[in-house]
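Please read the structure below before turning to the comments.
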Amino acid sequence: MTHSIPASVYDGYVASIELTAPNLPNRLADITNGRVAPAVDDLRIGSARRVRAVVIFFDIRGFTRRTKSSDDDELRSTLFMLNSVIPAMMRVLYRHGAYVEKNTGDGLMGVLGIGEDGPTAARSALAAASEMLYVLGSIVNPFLARHGIEPVDARVGLDMGDLLLARIGTARGSADHDRSYLTAVGPAANLACKIQGLAGTNQIYCGDLLRHNTPLDLQRRLFLDVTPDDWAWIYQGTTSVYSCWRYLGETTKAAPEGLAESLRRLSELAGLQPSH
């Protein structure tokens, strides 16, 4: 399966990173607290909601090596890289309807497909994972190279299943910052993290349930069984192995669109309201 990014969406990704770049060095000279990821307003602290969704983990490979030095210039270079990579990956996830559950510093955890049927959620998740690696390789890394920063490699892990979305923490009260956050707990979250750890450089790994929710012909052509010999995960209540798969689908850039559609999509990516 080839996932296609509209040309205007591609241009929007490019514009977003290019417009942000001139301000990054100044921002990094005076580091301040960042913004909090969007919250789910209707979940009160201590409450939870059971959902069926896909969990996606994105992880930068070799990040520890980039942070071994305490030299200010090298650390600023690493922060410049993170400020280029992580927002770009978040934009991809948001485009596919995901909620970014957490930023782990060198990666992201997202939840997507809430309220969707299995095949729709699987299709969105695989498209998002493929698009993340495409945007990283085709847009972000060339941008970093122009600033003298070595390219970034990554890996992605996904799984589908039942989750509890819960708001954890205490009431904000008079504090300056939010003191609660939304978290996803359940086997799918644990397994997606484990599967990501198995993935190689710039590879996408997923769990068995996600594969089963794709069309049969794609299951045969685009999924490679990578279940480790010592894999201990099984389907609940059975002795059947819950297999791991490498997804081989790719993302490409579509042909240019008409001017009106391009402007609409660029405005959408920039968060602008259409003029009347």
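Every chain in the structure tokens takes a letter, A first, then B, and so on in the order presented; its residues are numbered from 1, and the ligands are numbered from 1 following the presented order.
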Point to revise | Selection: 10 Å around Leu209 (chain A), only C-alpha atoms, excl. self and same-chain fewer than 2 positions, as an MDAnalysis selection string | key: chainID A and resid 54 118 122 159:161 188 206:207 211:214 235 242:244
Selection to disk with N, CA and C atoms, as a compact mmCIF listing (two decimals), in the first residue's frame:
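Listed below is the output, result_13.txt:
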```txt
# COMPACT_ATOMS: atom_id res chain seq x y z
N VAL A 54 -5.70 2.66 18.41
CA VAL A 54 -4.33 2.29 18.05
C VAL A 54 -3.37 3.17 18.84
N GLY A 118 -12.36 -0.94 13.19
CA GLY A 118 -11.00 -1.47 13.13
C GLY A 118 -10.26 -1.18 11.84
N ALA A 122 -6.94 1.12 11.56
CA ALA A 122 -5.68 0.52 11.09
C ALA A 122 -5.13 1.28 9.90
N ASP A 159 0.23 -0.79 17.96
CA ASP A 159 -0.64 -1.92 18.26
C ASP A 159 -2.05 -1.39 18.48
N MET A 160 -3.02 -2.28 18.26
CA MET A 160 -4.42 -1.94 18.41
C MET A 160 -5.02 -2.75 19.55
N GLY A 161 -5.94 -2.15 20.28
CA GLY A 161 -6.60 -2.90 21.34
C GLY A 161 -7.40 -2.00 22.25
N ALA A 188 -2.38 -2.89 24.87
CA ALA A 188 -2.00 -2.34 23.57
C ALA A 188 -0.90 -1.30 23.70
N CYS A 206 4.37 -3.60 13.88
CA CYS A 206 3.03 -3.53 14.46
C CYS A 206 2.62 -4.89 15.01
N GLY A 207 1.53 -4.88 15.78
CA GLY A 207 1.00 -6.09 16.37
C GLY A 207 0.02 -6.80 15.47
N ARG A 211 -2.60 -5.79 11.95
CA ARG A 211 -2.49 -6.44 10.64
C ARG A 211 -3.81 -7.08 10.23
N HIS A 212 -4.49 -7.75 11.16
CA HIS A 212 -5.74 -8.43 10.83
C HIS A 212 -6.84 -7.47 10.42
N ASN A 213 -6.69 -6.19 10.73
CA ASN A 213 -7.69 -5.20 10.35
C ASN A 213 -7.35 -4.49 9.04
N THR A 214 -6.40 -5.03 8.28
CA THR A 214 -6.11 -4.54 6.94
C THR A 214 -6.62 -5.56 5.93
N TYR A 235 -2.42 -14.49 22.68
CA TYR A 235 -3.81 -14.02 22.77
C TYR A 235 -4.39 -14.47 24.11
N TYR A 242 0.76 -14.00 19.79
CA TYR A 242 0.36 -12.70 19.26
C TYR A 242 1.55 -12.16 18.46
N SER A 243 1.52 -12.34 17.15
CA SER A 243 2.69 -12.11 16.31
C SER A 243 3.02 -10.63 16.13
N CYS A 244 4.28 -10.38 15.77
CA CYS A 244 4.77 -9.05 15.41
C CYS A 244 5.04 -9.02 13.91
```
Need the shell around Ser4 (chain A): protein/DNA/RNA residues with any atom at most 7 Å away, counting only C-alpha atoms. Skip same-chain ones fewer than 3 positions apart. Format as a JSON list (two decimals) with C-alpha atoms, in the first residue's frame?
```
[["chain", "number", "residue", "atom", "x", "y", "z"],
["A", 251, "THR", "CA", 4.43, 7.22, 1.48],
["A", 252, "THR", "CA", 4.93, 9.31, -1.66],
["A", 253, "LYS", "CA", 4.18, 12.88, -2.66],
["A", 254, "ALA", "CA", 1.15, 13.31, -4.89]]
```
Practice item. Write out as a PyMOL selection string each polymer residue whose atoms come within 9 Å of region 112-116 of chain A, counting only C-alpha atoms; drop sequence neighbours fewer than 2 positions from it. Key: chain A and resi 51-56+93+96-100+110+118-122+124-125
Point to revise | Who sits within 12 Å of Ala154 (chain A), only C-alpha atoms, same chain under 2 positions skipped, as a ChimeraX atom specification | key: /A:57-63,85-86,89,106-108,129-130,132-137,141,151-152,156-157,196-197,199-205
Check your understanding: So, counting only C-alpha atoms, which residue among A:Leu216, A:Tyr247, A:Trp233, A:Met81 is closest to Pro142 (chain A)?
Key ->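 With only C-alpha atoms as the atom set, the closest residue is A:Met81.
Interatomic distance, CA of Ala15 (chain A) against CA of Thr104 (chain A): 25.2 Å.
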Study note, to complete from the structure: Using only C-alpha atoms, the best pick from A:Ala184, A:Ala166, A:Leu198, A:Ile139 as closest to Trp231 (chain A) would be A:Leu198
Exercise for review: Pick out each residue of region 88-253 of chain A that DSSP on the backbone tags as strand (DSSP E); I need them as an MDAnalysis selection string.
Suggested key: chainID A and resid 99:103 107:112 154:169 180:185 204:207 223:225 244:247 250:253
Create the file for the chosen residues now, containing N, CA and C atoms and written as a short mmCIF file (atom, residue, chain, number, x, y, z; two decimals), in the first residue's frame.
```cif
data_model
loop_
_atom_site.label_atom_id
_atom_site.label_comp_id
_atom_site.auth_asym_id
_atom_site.auth_seq_id
_atom_site.Cartn_x
_atom_site.Cartn_y
_atom_site.Cartn_z
N TYR A 99 -4.35 11.84 18.98
CA TYR A 99 -4.08 12.62 20.19
C TYR A 99 -2.67 12.26 20.65
N VAL A 100 -1.80 13.26 20.85
CA VAL A 100 -0.44 13.01 21.33
C VAL A 100 -0.50 12.87 22.84
N GLU A 101 -0.36 11.63 23.30
CA GLU A 101 -0.50 11.34 24.73
C GLU A 101 0.68 11.86 25.52
N LYS A 102 1.88 11.71 24.98
CA LYS A 102 3.04 12.24 25.69
C LYS A 102 4.21 12.45 24.73
N ASN A 103 5.06 13.40 25.12
CA ASN A 103 6.34 13.64 24.46
C ASN A 103 7.40 13.11 25.40
N GLY A 107 11.01 11.18 21.66
CA GLY A 107 9.97 10.46 20.93
C GLY A 107 8.58 10.92 21.32
N LEU A 108 7.59 10.23 20.76
CA LEU A 108 6.20 10.57 20.98
C LEU A 108 5.37 9.30 21.16
N MET A 109 4.30 9.43 21.92
CA MET A 109 3.29 8.39 22.00
C MET A 109 1.97 9.02 21.62
N GLY A 110 1.28 8.42 20.66
CA GLY A 110 0.01 8.94 20.21
C GLY A 110 -1.08 7.88 20.26
N VAL A 111 -2.32 8.32 20.36
CA VAL A 111 -3.48 7.44 20.32
C VAL A 111 -4.38 7.92 19.19
N LEU A 112 -4.78 7.01 18.31
CA LEU A 112 -5.63 7.40 17.20
C LEU A 112 -6.64 6.31 16.88
N ALA A 154 14.93 6.91 12.97
CA ALA A 154 13.85 6.67 13.92
C ALA A 154 13.29 5.27 13.73
N ARG A 155 12.33 4.93 14.56
CA ARG A 155 11.58 3.68 14.42
C ARG A 155 10.19 3.90 15.00
N VAL A 156 9.24 3.10 14.52
CA VAL A 156 7.85 3.27 14.92
C VAL A 156 7.27 1.92 15.30
N GLY A 157 6.51 1.89 16.40
CA GLY A 157 5.80 0.70 16.83
C GLY A 157 4.33 1.01 17.05
N LEU A 158 3.45 0.08 16.63
CA LEU A 158 2.02 0.29 16.76
C LEU A 158 1.33 -0.98 17.24
N ASP A 159 0.23 -0.79 17.96
CA ASP A 159 -0.64 -1.92 18.26
C ASP A 159 -2.05 -1.39 18.48
N MET A 160 -3.02 -2.28 18.26
CA MET A 160 -4.42 -1.94 18.41
C MET A 160 -5.02 -2.75 19.55
N GLY A 161 -5.94 -2.15 20.28
CA GLY A 161 -6.60 -2.90 21.34
C GLY A 161 -7.40 -2.00 22.25
N ASP A 162 -7.90 -2.57 23.33
CA ASP A 162 -8.68 -1.82 24.31
C ASP A 162 -7.75 -1.06 25.25
N LEU A 163 -8.10 0.17 25.52
CA LEU A 163 -7.32 1.04 26.39
C LEU A 163 -8.22 1.73 27.39
N LEU A 164 -7.65 2.10 28.50
CA LEU A 164 -8.31 3.02 29.41
C LEU A 164 -7.62 4.37 29.27
N LEU A 165 -8.37 5.38 28.86
CA LEU A 165 -7.86 6.75 28.86
C LEU A 165 -8.25 7.37 30.18
N ALA A 166 -7.27 7.80 30.94
CA ALA A 166 -7.53 8.34 32.28
C ALA A 166 -6.82 9.66 32.48
N ARG A 167 -7.47 10.53 33.26
CA ARG A 167 -6.81 11.79 33.64
C ARG A 167 -6.23 11.60 35.04
N ILE A 168 -4.91 11.79 35.12
CA ILE A 168 -4.16 11.55 36.36
C ILE A 168 -3.62 12.86 36.89
N GLY A 169 -3.60 13.03 38.22
CA GLY A 169 -2.96 14.20 38.81
C GLY A 169 -3.84 14.85 39.86
N SER A 180 -2.28 17.86 35.97
CA SER A 180 -2.88 16.60 35.58
C SER A 180 -2.60 16.35 34.10
N TYR A 181 -2.69 15.11 33.70
CA TYR A 181 -2.43 14.77 32.31
C TYR A 181 -3.23 13.54 31.94
N LEU A 182 -3.45 13.38 30.64
CA LEU A 182 -4.17 12.23 30.13
C LEU A 182 -3.17 11.12 29.83
N THR A 183 -3.49 9.91 30.26
CA THR A 183 -2.61 8.79 29.98
C THR A 183 -3.43 7.61 29.47
N ALA A 184 -2.80 6.79 28.65
CA ALA A 184 -3.44 5.60 28.09
C ALA A 184 -2.79 4.37 28.70
N VAL A 185 -3.60 3.50 29.28
CA VAL A 185 -3.06 2.30 29.90
C VAL A 185 -3.79 1.08 29.34
N ILE A 204 8.90 0.21 10.55
CA ILE A 204 7.61 0.24 11.22
C ILE A 204 7.22 -1.18 11.60
N TYR A 205 7.02 -1.41 12.89
CA TYR A 205 6.58 -2.72 13.39
C TYR A 205 5.18 -2.56 13.99
N CYS A 206 4.37 -3.60 13.88
CA CYS A 206 3.03 -3.53 14.46
C CYS A 206 2.62 -4.89 15.01
N GLY A 207 1.53 -4.88 15.78
CA GLY A 207 1.00 -6.09 16.37
C GLY A 207 0.02 -6.80 15.47
N PHE A 223 3.24 -7.17 4.87
CA PHE A 223 3.59 -7.46 6.26
C PHE A 223 4.53 -8.65 6.31
N LEU A 224 5.64 -8.45 6.99
CA LEU A 224 6.67 -9.47 7.14
C LEU A 224 6.72 -9.93 8.59
N ASP A 225 6.57 -11.23 8.82
CA ASP A 225 6.56 -11.77 10.18
C ASP A 225 7.95 -11.61 10.82
N CYS A 244 4.28 -10.38 15.77
CA CYS A 244 4.77 -9.05 15.41
C CYS A 244 5.04 -9.02 13.91
N TRP A 245 4.79 -7.86 13.31
CA TRP A 245 4.94 -7.74 11.87
C TRP A 245 5.68 -6.45 11.51
N ARG A 246 6.48 -6.53 10.47
CA ARG A 246 7.08 -5.32 9.90
C ARG A 246 6.21 -4.87 8.74
N TYR A 247 5.81 -3.60 8.80
CA TYR A 247 4.97 -3.04 7.74
C TYR A 247 5.86 -2.44 6.65
N GLU A 250 4.76 2.37 1.99
CA GLU A 250 5.53 3.62 1.91
C GLU A 250 4.62 4.79 1.57
N THR A 251 5.14 5.99 1.81
CA THR A 251 4.43 7.22 1.48
C THR A 251 5.14 7.94 0.35
N THR A 252 4.38 8.52 -0.56
CA THR A 252 4.93 9.31 -1.66
C THR A 252 4.24 10.67 -1.70
N LYS A 253 4.79 11.56 -2.48
CA LYS A 253 4.18 12.88 -2.66
C LYS A 253 3.31 12.85 -3.91
#
```
Check your understanding: What gap, in Å, lies between CA of Asp229 (chain A) and CA of Leu191 (chain A)?
Key -> 16.3 Å
Revision key, fill the gap. One decimal place gives the CA of Glu150 (chain A)-CA of Ser77 (chain A) separation as 9.9 Å
Point to revise | Nearest candidate to Arg264 (chain A) (options A:Val9, A:Leu218, A:Ala189, A:Met90; using only C-alpha atoms) | key: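 For Arg264 (chain A), the nearest of the candidates is A:Val9.
Here the question is which of A:Val140, A:Leu126, A:Ile234, A:Ala255 gets nearest to Pro187 (chain A) using only C-alpha atoms, and that residue is A:Ile234.
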